[in-house]
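Engineer: Here you go, input.cif (mmCIF, C-alpha atoms):
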```cif
data_protein
#
loop_
_atom_site.group_PDB
_atom_site.id
_atom_site.type_symbol
_atom_site.label_atom_id
_atom_site.label_comp_id
_atom_site.auth_asym_id
_atom_site.auth_seq_id
_atom_site.Cartn_x
_atom_site.Cartn_y
_atom_site.Cartn_z
ATOM 1 C CA MET E 20 109.223 114.541 102.750
ATOM 2 C CA ALA E 21 112.677 115.620 103.807
ATOM 3 C CA ALA E 22 113.148 117.340 100.457
ATOM 4 C CA GLN E 23 109.854 119.191 100.913
ATOM 5 C CA MET E 24 110.969 120.369 104.337
ATOM 6 C CA ILE E 25 114.368 121.499 103.020
ATOM 7 C CA ILE E 26 112.720 123.386 100.153
ATOM 8 C CA GLY E 27 110.345 125.046 102.593
ATOM 9 C CA VAL E 28 113.173 126.117 104.892
ATOM 10 C CA LEU E 29 115.358 127.405 102.057
ATOM 11 C CA HIS E 30 112.564 129.402 100.430
ATOM 12 C CA GLY E 31 111.079 130.605 103.706
ATOM 13 C CA GLY E 32 107.643 129.143 103.084
ATOM 14 C CA CYS E 33 107.547 126.215 105.476
ATOM 15 C CA GLY E 34 104.345 127.389 107.147
ATOM 16 C CA THR E 35 102.371 128.359 104.062
ATOM 17 C CA SER E 36 99.164 126.526 103.279
ATOM 18 C CA SER E 37 100.525 125.458 99.896
ATOM 19 C CA HIS E 38 103.611 123.867 101.401
ATOM 20 C CA ILE E 39 101.631 122.154 104.173
ATOM 21 C CA SER E 40 99.137 120.763 101.643
ATOM 22 C CA GLN E 41 102.032 119.383 99.556
ATOM 23 C CA ILE E 42 103.494 117.616 102.593
ATOM 24 C CA VAL E 43 100.105 116.202 103.607
ATOM 25 C CA SER E 44 99.407 115.041 100.043
ATOM 26 C CA LEU E 45 102.800 113.378 99.830
ATOM 27 C CA SER E 46 102.215 111.630 103.160
ATOM 28 C CA VAL E 47 98.772 110.346 102.144
ATOM 29 C CA LEU E 48 100.004 109.098 98.768
ATOM 30 C CA SER E 49 102.978 107.369 100.379
ATOM 31 C CA ALA E 50 100.712 105.605 102.872
ATOM 32 C CA LEU E 51 98.325 104.488 100.099
ATOM 33 C CA ILE E 52 101.206 103.110 98.033
ATOM 34 C CA VAL E 53 102.472 101.096 101.003
ATOM 35 C CA ILE E 54 98.970 99.715 101.676
ATOM 36 C CA PHE E 55 98.442 98.709 98.043
ATOM 37 C CA CYS E 56 101.885 97.077 97.788
ATOM 38 C CA ARG E 57 101.271 95.019 100.916
ATOM 39 C CA ALA E 58 97.883 93.903 99.602
ATOM 40 C CA ARG E 59 99.464 92.910 96.266
ATOM 41 C CA GLU E 60 102.211 90.933 98.000
ATOM 42 C CA ARG E 61 99.647 89.167 100.223
ATOM 43 C CA ARG E 62 97.598 88.201 97.165
ATOM 44 C CA GLY E 63 100.745 86.899 95.454
ATOM 45 C CA ARG E 64 101.517 84.702 98.457
ATOM 46 C CA GLN E 65 97.946 83.378 98.425
ATOM 47 C CA LEU E 66 98.204 82.514 94.738
ATOM 48 C CA ASN E 67 101.518 80.741 95.302
ATOM 49 C CA ARG E 68 99.890 78.578 98.000
ATOM 50 C CA VAL E 69 96.856 77.722 95.841
ATOM 51 C CA ARG E 70 98.683 77.126 92.548
ATOM 52 C CA PRO E 71 99.957 73.575 93.351
ATOM 53 C CA VAL E 72 96.451 72.520 94.419
ATOM 54 C CA SER E 73 94.898 73.812 91.201
ATOM 55 C CA GLU E 74 97.601 72.178 89.067
ATOM 56 C CA THR E 75 96.991 68.844 90.793
ATOM 57 C CA ALA E 76 93.229 69.165 90.325
ATOM 58 C CA GLN E 77 93.709 69.911 86.627
ATOM 59 C CA LEU E 78 95.886 66.837 86.193
ATOM 60 C CA VAL E 79 93.326 64.630 87.936
ATOM 61 C CA LEU E 80 90.287 66.010 86.151
ATOM 62 C CA LYS E 81 91.805 66.486 82.700
ATOM 63 C CA PRO E 82 90.481 63.890 80.261
ATOM 64 C CA SER E 83 93.031 61.593 78.669
ATOM 65 C CA PRO E 84 93.978 62.580 75.116
ATOM 66 C CA PRO E 85 92.331 60.641 72.272
ATOM 67 C CA GLU E 86 94.418 57.991 70.593
#
```
As structure tokens, what does this structure read like?

Structural biologist:
Amino acid sequence: MAAQMIIGVLHGGCGTSSHISQIVSLSVLSALIVIFCRARERRGRQLNRVRPVSETAQLVLKPSPPE
């Protein structure tokens, strides 16, 4: 966003609708990326908590191999 502002100031188009739409788009995309990354990390933590339980259940319920 800082780069967009610098470009706008240097080229004299900081108030144009094109430049404002670029800044808004960049802000929205950045917020969406942060939201999706947090959701992915939360799901990863959930899977790490559940994995030992599922491994234990598989060991208990797995039939013994034939001789």

Engineer: At what distance in Å, to one decimal, does atom CA of Ser49 of chain E lie from atom CA of Ile25 of chain E?

Structural biologist: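 If I compute the distance from atom CA of Ile25 of chain E to atom CA of Ser49 of chain E, I get 18.3 Å.
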
Engineer: Please, what distance in Å, to one decimal, runs between atom CA of Ile42 of chain E and atom CA of Val28 of chain E?

Structural biologist: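 Interatomic distance here is 13.1 Å.
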
Engineer: What does the structure give for the distance between atom CA of Arg68 of chain E and atom CA of Phe55 of chain E, in Å to one decimal?

Structural biologist: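 Here the two named atoms are 20.2 Å from each other.
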
Engineer: Taking 6 positions as the minimum chain separation for residues in the same chain, which residues sit within 12 Å of Cys33 of chain E when counting all atoms listed in the file? Answer as a PDB file with C-alpha atoms, in the frame of the given file.

Structural biologist:
```pdb
ATOM      1  CA  ALA E  21     112.677 115.620 103.807  1.00  0.00           C
ATOM      2  CA  ALA E  22     113.148 117.340 100.457  1.00  0.00           C
ATOM      3  CA  GLN E  23     109.854 119.191 100.913  1.00  0.00           C
ATOM      4  CA  MET E  24     110.969 120.369 104.337  1.00  0.00           C
ATOM      5  CA  ILE E  25     114.368 121.499 103.020  1.00  0.00           C
ATOM      6  CA  ILE E  26     112.720 123.386 100.153  1.00  0.00           C
ATOM      7  CA  GLY E  27     110.345 125.046 102.593  1.00  0.00           C
ATOM      8  CA  ILE E  39     101.631 122.154 104.173  1.00  0.00           C
ATOM      9  CA  SER E  40      99.137 120.763 101.643  1.00  0.00           C
ATOM     10  CA  GLN E  41     102.032 119.383  99.556  1.00  0.00           C
ATOM     11  CA  ILE E  42     103.494 117.616 102.593  1.00  0.00           C
TER      12      ILE E  42
END
```

Engineer: Could you give me the axis-aligned bounding box of segment 65-70 of chain E, with 8 Å of padding per side, as centre plus edge lengths in Å to one decimal, as AutoDock Vina command-line options?

Structural biologist:
```
--center_x 99.2 --center_y 80.3 --center_z 95.5 --size_x 20.7 --size_y 22.3 --size_z 21.9
```

Engineer: From the coordinates supplied, segment 21-37 of chain E should be written with all heavy atoms, as a PDB file, in the first residue's frame.

Structural biologist:
```pdb
ATOM      1  N   ALA E  21       1.996   1.156   0.690  1.00  0.00           N
ATOM      2  CA  ALA E  21       2.908   2.293   0.702  1.00  0.00           C
ATOM      3  C   ALA E  21       3.443   2.557  -0.703  1.00  0.00           C
ATOM      4  O   ALA E  21       3.548   3.713  -1.127  1.00  0.00           O
ATOM      5  CB  ALA E  21       4.044   2.047   1.673  1.00  0.00           C
ATOM      6  N   ALA E  22       3.741   1.498  -1.430  1.00  0.00           N
ATOM      7  CA  ALA E  22       4.233   1.661  -2.796  1.00  0.00           C
ATOM      8  C   ALA E  22       3.172   2.308  -3.683  1.00  0.00           C
ATOM      9  O   ALA E  22       3.486   3.165  -4.517  1.00  0.00           O
ATOM     10  CB  ALA E  22       4.646   0.315  -3.368  1.00  0.00           C
ATOM     11  N   GLN E  23       1.917   1.922  -3.506  1.00  0.00           N
ATOM     12  CA  GLN E  23       0.836   2.540  -4.272  1.00  0.00           C
ATOM     13  C   GLN E  23       0.738   4.035  -3.958  1.00  0.00           C
ATOM     14  O   GLN E  23       0.520   4.843  -4.851  1.00  0.00           O
ATOM     15  CB  GLN E  23      -0.495   1.869  -3.945  1.00  0.00           C
ATOM     16  CG  GLN E  23      -0.698   0.537  -4.600  1.00  0.00           C
ATOM     17  CD  GLN E  23      -0.951   0.663  -6.092  1.00  0.00           C
ATOM     18  OE1 GLN E  23      -1.402   1.679  -6.575  1.00  0.00           O
ATOM     19  NE2 GLN E  23      -0.636  -0.394  -6.800  1.00  0.00           N
ATOM     20  N   MET E  24       0.879   4.377  -2.710  1.00  0.00           N
ATOM     21  CA  MET E  24       0.809   5.788  -2.321  1.00  0.00           C
ATOM     22  C   MET E  24       1.991   6.569  -2.906  1.00  0.00           C
ATOM     23  O   MET E  24       1.821   7.682  -3.404  1.00  0.00           O
ATOM     24  CB  MET E  24       0.789   5.931  -0.796  1.00  0.00           C
ATOM     25  CG  MET E  24      -0.434   5.329  -0.135  1.00  0.00           C
ATOM     26  SD  MET E  24      -1.974   6.046  -0.692  1.00  0.00           S
ATOM     27  CE  MET E  24      -1.859   7.663   0.020  1.00  0.00           C
ATOM     28  N   ILE E  25       3.178   5.990  -2.857  1.00  0.00           N
ATOM     29  CA  ILE E  25       4.363   6.657  -3.406  1.00  0.00           C
ATOM     30  C   ILE E  25       4.200   6.859  -4.906  1.00  0.00           C
ATOM     31  O   ILE E  25       4.497   7.929  -5.441  1.00  0.00           O
ATOM     32  CB  ILE E  25       5.641   5.861  -3.069  1.00  0.00           C
ATOM     33  CG1 ILE E  25       5.914   5.937  -1.571  1.00  0.00           C
ATOM     34  CG2 ILE E  25       6.834   6.374  -3.869  1.00  0.00           C
ATOM     35  CD1 ILE E  25       7.001   5.008  -1.093  1.00  0.00           C
ATOM     36  N   ILE E  26       3.732   5.825  -5.606  1.00  0.00           N
ATOM     37  CA  ILE E  26       3.516   5.933  -7.046  1.00  0.00           C
ATOM     38  C   ILE E  26       2.493   7.029  -7.342  1.00  0.00           C
ATOM     39  O   ILE E  26       2.666   7.822  -8.269  1.00  0.00           O
ATOM     40  CB  ILE E  26       3.062   4.576  -7.623  1.00  0.00           C
ATOM     41  CG1 ILE E  26       4.215   3.586  -7.589  1.00  0.00           C
ATOM     42  CG2 ILE E  26       2.534   4.732  -9.039  1.00  0.00           C
ATOM     43  CD1 ILE E  26       3.818   2.155  -7.919  1.00  0.00           C
ATOM     44  N   GLY E  27       1.436   7.071  -6.569  1.00  0.00           N
ATOM     45  CA  GLY E  27       0.421   8.101  -6.771  1.00  0.00           C
ATOM     46  C   GLY E  27       0.959   9.503  -6.563  1.00  0.00           C
ATOM     47  O   GLY E  27       0.646  10.423  -7.311  1.00  0.00           O
ATOM     48  N   VAL E  28       1.797   9.673  -5.548  1.00  0.00           N
ATOM     49  CA  VAL E  28       2.366  10.995  -5.263  1.00  0.00           C
ATOM     50  C   VAL E  28       3.356  11.389  -6.359  1.00  0.00           C
ATOM     51  O   VAL E  28       3.351  12.530  -6.842  1.00  0.00           O
ATOM     52  CB  VAL E  28       3.037  11.008  -3.871  1.00  0.00           C
ATOM     53  CG1 VAL E  28       3.856  12.266  -3.670  1.00  0.00           C
ATOM     54  CG2 VAL E  28       1.979  10.864  -2.791  1.00  0.00           C
ATOM     55  N   LEU E  29       4.190  10.443  -6.777  1.00  0.00           N
ATOM     56  CA  LEU E  29       5.201  10.765  -7.789  1.00  0.00           C
ATOM     57  C   LEU E  29       4.582  11.072  -9.150  1.00  0.00           C
ATOM     58  O   LEU E  29       5.093  11.902  -9.895  1.00  0.00           O
ATOM     59  CB  LEU E  29       6.203   9.612  -7.918  1.00  0.00           C
ATOM     60  CG  LEU E  29       7.122   9.400  -6.715  1.00  0.00           C
ATOM     61  CD1 LEU E  29       8.026   8.198  -6.941  1.00  0.00           C
ATOM     62  CD2 LEU E  29       7.965  10.645  -6.450  1.00  0.00           C
ATOM     63  N   HIS E  30       3.510  10.396  -9.496  1.00  0.00           N
ATOM     64  CA  HIS E  30       2.887  10.604 -10.799  1.00  0.00           C
ATOM     65  C   HIS E  30       1.719  11.585 -10.738  1.00  0.00           C
ATOM     66  O   HIS E  30       1.062  11.825 -11.751  1.00  0.00           O
ATOM     67  CB  HIS E  30       2.423   9.269 -11.387  1.00  0.00           C
ATOM     68  CG  HIS E  30       3.556   8.375 -11.768  1.00  0.00           C
ATOM     69  ND1 HIS E  30       4.384   8.646 -12.830  1.00  0.00           N
ATOM     70  CD2 HIS E  30       4.018   7.230 -11.219  1.00  0.00           C
ATOM     71  CE1 HIS E  30       5.303   7.701 -12.928  1.00  0.00           C
ATOM     72  NE2 HIS E  30       5.105   6.823 -11.952  1.00  0.00           N
ATOM     73  N   GLY E  31       1.442  12.127  -9.586  1.00  0.00           N
ATOM     74  CA  GLY E  31       0.425  13.152  -9.448  1.00  0.00           C
ATOM     75  C   GLY E  31      -1.007  12.650  -9.591  1.00  0.00           C
ATOM     76  O   GLY E  31      -1.902  13.432  -9.863  1.00  0.00           O
ATOM     77  N   GLY E  32      -1.223  11.366  -9.407  1.00  0.00           N
ATOM     78  CA  GLY E  32      -2.570  10.839  -9.578  1.00  0.00           C
ATOM     79  C   GLY E  32      -3.104  10.173  -8.334  1.00  0.00           C
ATOM     80  O   GLY E  32      -3.793   9.175  -8.412  1.00  0.00           O
ATOM     81  N   CYS E  33      -2.792  10.706  -7.186  1.00  0.00           N
ATOM     82  CA  CYS E  33      -3.175  10.066  -5.926  1.00  0.00           C
ATOM     83  C   CYS E  33      -4.681  10.110  -5.686  1.00  0.00           C
ATOM     84  O   CYS E  33      -5.216   9.255  -5.010  1.00  0.00           O
ATOM     85  CB  CYS E  33      -2.444  10.742  -4.768  1.00  0.00           C
ATOM     86  SG  CYS E  33      -2.401   9.743  -3.273  1.00  0.00           S
ATOM     87  N   GLY E  34      -5.364  11.070  -6.280  1.00  0.00           N
ATOM     88  CA  GLY E  34      -6.799  11.198  -6.049  1.00  0.00           C
ATOM     89  C   GLY E  34      -7.659  10.660  -7.178  1.00  0.00           C
ATOM     90  O   GLY E  34      -8.872  10.769  -7.128  1.00  0.00           O
ATOM     91  N   THR E  35      -7.046  10.068  -8.183  1.00  0.00           N
ATOM     92  CA  THR E  35      -7.832   9.571  -9.310  1.00  0.00           C
ATOM     93  C   THR E  35      -8.610   8.324  -8.903  1.00  0.00           C
ATOM     94  O   THR E  35      -8.217   7.595  -7.985  1.00  0.00           O
ATOM     95  CB  THR E  35      -6.936   9.245 -10.517  1.00  0.00           C
ATOM     96  OG1 THR E  35      -6.039   8.192 -10.155  1.00  0.00           O
ATOM     97  CG2 THR E  35      -6.145  10.454 -10.969  1.00  0.00           C
ATOM     98  N   SER E  36      -9.706   8.091  -9.607  1.00  0.00           N
ATOM     99  CA  SER E  36     -10.536   6.935  -9.275  1.00  0.00           C
ATOM    100  C   SER E  36      -9.805   5.629  -9.524  1.00  0.00           C
ATOM    101  O   SER E  36      -9.999   4.652  -8.804  1.00  0.00           O
ATOM    102  CB  SER E  36     -11.838   6.977 -10.076  1.00  0.00           C
ATOM    103  OG  SER E  36     -11.560   6.915 -11.467  1.00  0.00           O
ATOM    104  N   SER E  37      -8.938   5.599 -10.529  1.00  0.00           N
ATOM    105  CA  SER E  37      -8.168   4.394 -10.815  1.00  0.00           C
ATOM    106  C   SER E  37      -7.220   4.070  -9.668  1.00  0.00           C
ATOM    107  O   SER E  37      -7.121   2.916  -9.235  1.00  0.00           O
ATOM    108  CB  SER E  37      -7.376   4.574 -12.106  1.00  0.00           C
ATOM    109  OG  SER E  37      -6.517   3.491 -12.319  1.00  0.00           O
TER     110      SER E  37
END
```
